[in-house]
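Trainee: Handing you a structure now.
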Amino acid sequence: MVGRITNLNGGIYQVVLEDGNTISVKARGKLRSIKMLAINGKAISKKEEMRTIKLSPKVGDLVVVDNDMIAEILERKNELIRPDIANVDQILIVFAAKEPDFSFYLLDLFLVNITRQKITPLIVITKIDKLTPIELKQFKEKMKYYINLGYEVLYVNSITKEGIDLVAKHLEKRITVLSGQTGAGKSTLINAILPNFELKTQEISLALGRGKHTTRQTTLYAYKDGYIGDTPGFSKLDVLGIEKDELSNLFIEFKSYPCRFKDCLHQKNALGCQVREASIHNKILSTRYENYLKMLEQIVNKEKK
């Protein structure tokens, strides 16, 4: 029987079978092993290529079940390490317009990590009621840059349900993972789409300046021929694992300004660099370029250590 893993808890996997029934199973001792061709998307040496790794089942995996045991993991189209989930169609990046304050750096950090995994991002801005009409207009003007890059941006008010139907439409027939800013209202958003979702939420802690969330394990919830993944630990991202010469390719607009210098890192001291020139002439959003430099500095510092 073939099914999809929707939850893992204490070594017990919940698997939804093709007939719609859900069963609890364990994984067989030795599952499919594969050759290591790359680590974090970067090719490794031929010598290392001959090593093999044992695959452990992940939430989102399509698996073959035999005698109440997972006997085989079918081929994955993608996988994430944090959160530990496979076969994701899109990632919902949820950010608040206010409370907590919107961070373009954090947004770019999410986009860089998601672009690297070759998964479609969908940007959802919550709490638009916290902005005045003028502030909201100004905010949407800034976000037009991202729309022009090809990213889809949706605006919602989870309390009044404004924009909820449009978000819900994007969730149909897809495996969607929630991510984004802590305290942005991810659980409130999903509760607005699925009133019986019953995810526990708590108010933003004003003292800490961040939200609190009770979720401790990755779970897929069925929704209109698709799944919604509620994933802990997907609010804190960094540039871990990204190479300095890889970073610029993850800022998709940089590709429109091919640099004539080989191995150029597009820093401010790189006179004649096309990316740097584009930022000076506002063809590249200044905050995007500054955020790129900030991430690059972190990568370089980690390499030195």
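Naming scheme: A, B, ... for chains in displayed order of the structure tokens; residues 1 onward per chain; ligands 1 onward as shown.
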As a list in words, please: every residue in stretch 94-194 of chain A that a backbone DSSP assignment puts in strand (DSSP E).

Mentor: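 The strand (DSSP E) subset of stretch 94-194 of chain A is Val94, Phe95, Ala96, Thr120, Pro121, Leu122, Ile123, Val124, Ile125, Thr126, Glu152, Val153, Leu154, Tyr155, Ile175, Thr176, Val177, Leu178, Ser179 and Gly180 of chain A.
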
Trainee: Give me the residues of stretch 273-294 of chain A that have any atom at most 12 Å from an atom of stretch 106-111 of chain A; for each, the nearest atom pair and the distance in Å, rounded to one decimal. Use only C-alpha atoms, sort by chain and number, and format it as CSV.

Mentor:
```
residue,atom,partner,partner_atom,distance
A:Leu285,CA,A:Asp108,CA,11.6
A:Thr287,CA,A:Asp108,CA,9.4
A:Arg288,CA,A:Asp108,CA,7.2
A:Tyr289,CA,A:Asp108,CA,10.2
A:Glu290,CA,A:Asp108,CA,10.6
A:Asn291,CA,A:Asp108,CA,7.2
A:Tyr292,CA,A:Asp108,CA,8.4
A:Leu293,CA,A:Asp108,CA,11.7
A:Lys294,CA,A:Leu109,CA,10.3
```

Trainee: Please write the residues from the selection above to a file, keeping N, CA, C and O atoms, as a tab-separated table (two decimals), in the first residue's frame.

Mentor:
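Written out: part_26.tsv:
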```tsv
chain	number	residue	atom	x	y	z
A	285	LEU	N	16.65	47.47	-5.60
A	285	LEU	CA	16.19	48.11	-4.37
A	285	LEU	C	17.34	48.20	-3.37
A	285	LEU	O	18.04	47.22	-3.13
A	287	THR	N	17.52	48.37	-0.16
A	287	THR	CA	17.48	47.47	0.98
A	287	THR	C	17.86	46.04	0.58
A	287	THR	O	18.48	45.32	1.36
A	288	ARG	N	17.52	45.66	-0.65
A	288	ARG	CA	17.91	44.31	-1.12
A	288	ARG	C	19.43	44.21	-1.22
A	288	ARG	O	20.03	43.21	-0.80
A	289	TYR	N	20.05	45.24	-1.78
A	289	TYR	CA	21.50	45.23	-1.92
A	289	TYR	C	22.18	45.25	-0.55
A	289	TYR	O	23.15	44.51	-0.31
A	290	GLU	N	21.68	46.09	0.36
A	290	GLU	CA	22.24	46.16	1.70
A	290	GLU	C	22.06	44.83	2.44
A	290	GLU	O	22.96	44.39	3.17
A	291	ASN	N	20.92	44.20	2.25
A	291	ASN	CA	20.68	42.91	2.89
A	291	ASN	C	21.61	41.83	2.32
A	291	ASN	O	22.07	40.95	3.05
A	292	TYR	N	21.87	41.91	1.02
A	292	TYR	CA	22.83	40.98	0.40
A	292	TYR	C	24.20	41.15	1.04
A	292	TYR	O	24.85	40.15	1.41
A	293	LEU	N	24.65	42.39	1.20
A	293	LEU	CA	25.96	42.65	1.79
A	293	LEU	C	26.03	42.17	3.24
A	293	LEU	O	27.05	41.65	3.68
A	294	LYS	N	24.93	42.31	3.96
A	294	LYS	CA	24.88	41.88	5.36
A	294	LYS	C	25.00	40.35	5.44
A	294	LYS	O	25.75	39.83	6.27
```

Trainee: Please produce, as a Markdown table, a per-residue contact table for stretch 46-150 of chain A versus stretch 239-253 of chain A (criterion: any atom at most 8 Å away, only C-alpha atoms considered), showing the nearest atom pair and its distance in Å to one decimal, sorted by chain then residue number.

Mentor:
```
| residue | atom | partner | partner_atom | distance |
| --- | --- | --- | --- | --- |
| A:Leu109 | CA | A:Val239 | CA | 7.7 |
| A:Val112 | CA | A:Leu250 | CA | 5.4 |
| A:Asn113 | CA | A:Val239 | CA | 7.7 |
| A:Thr115 | CA | A:Leu250 | CA | 6.2 |
| A:Arg116 | CA | A:Leu250 | CA | 6.5 |
| A:Leu149 | CA | A:Glu253 | CA | 6.9 |
```

Trainee: Enter the distance from atom CA of A:Ser24 to atom CA of A:Ile12, in Å, rounded to one decimal.

Mentor: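 Result for atom CA of A:Ser24 versus atom CA of A:Ile12: 6.4 Å, one decimal.
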
Trainee: Quick one, how far is atom CA of A:Lys268 from atom CA of A:Lys305?

Mentor: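 These atoms are spaced 23.1 Å apart.
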
Trainee: Could you check how far atom CA of A:Val16 sits from atom CA of A:Gly185, in Å to one decimal?

Mentor: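 Interatomic distance, atom CA of A:Val16 to atom CA of A:Gly185: 28.1 Å.
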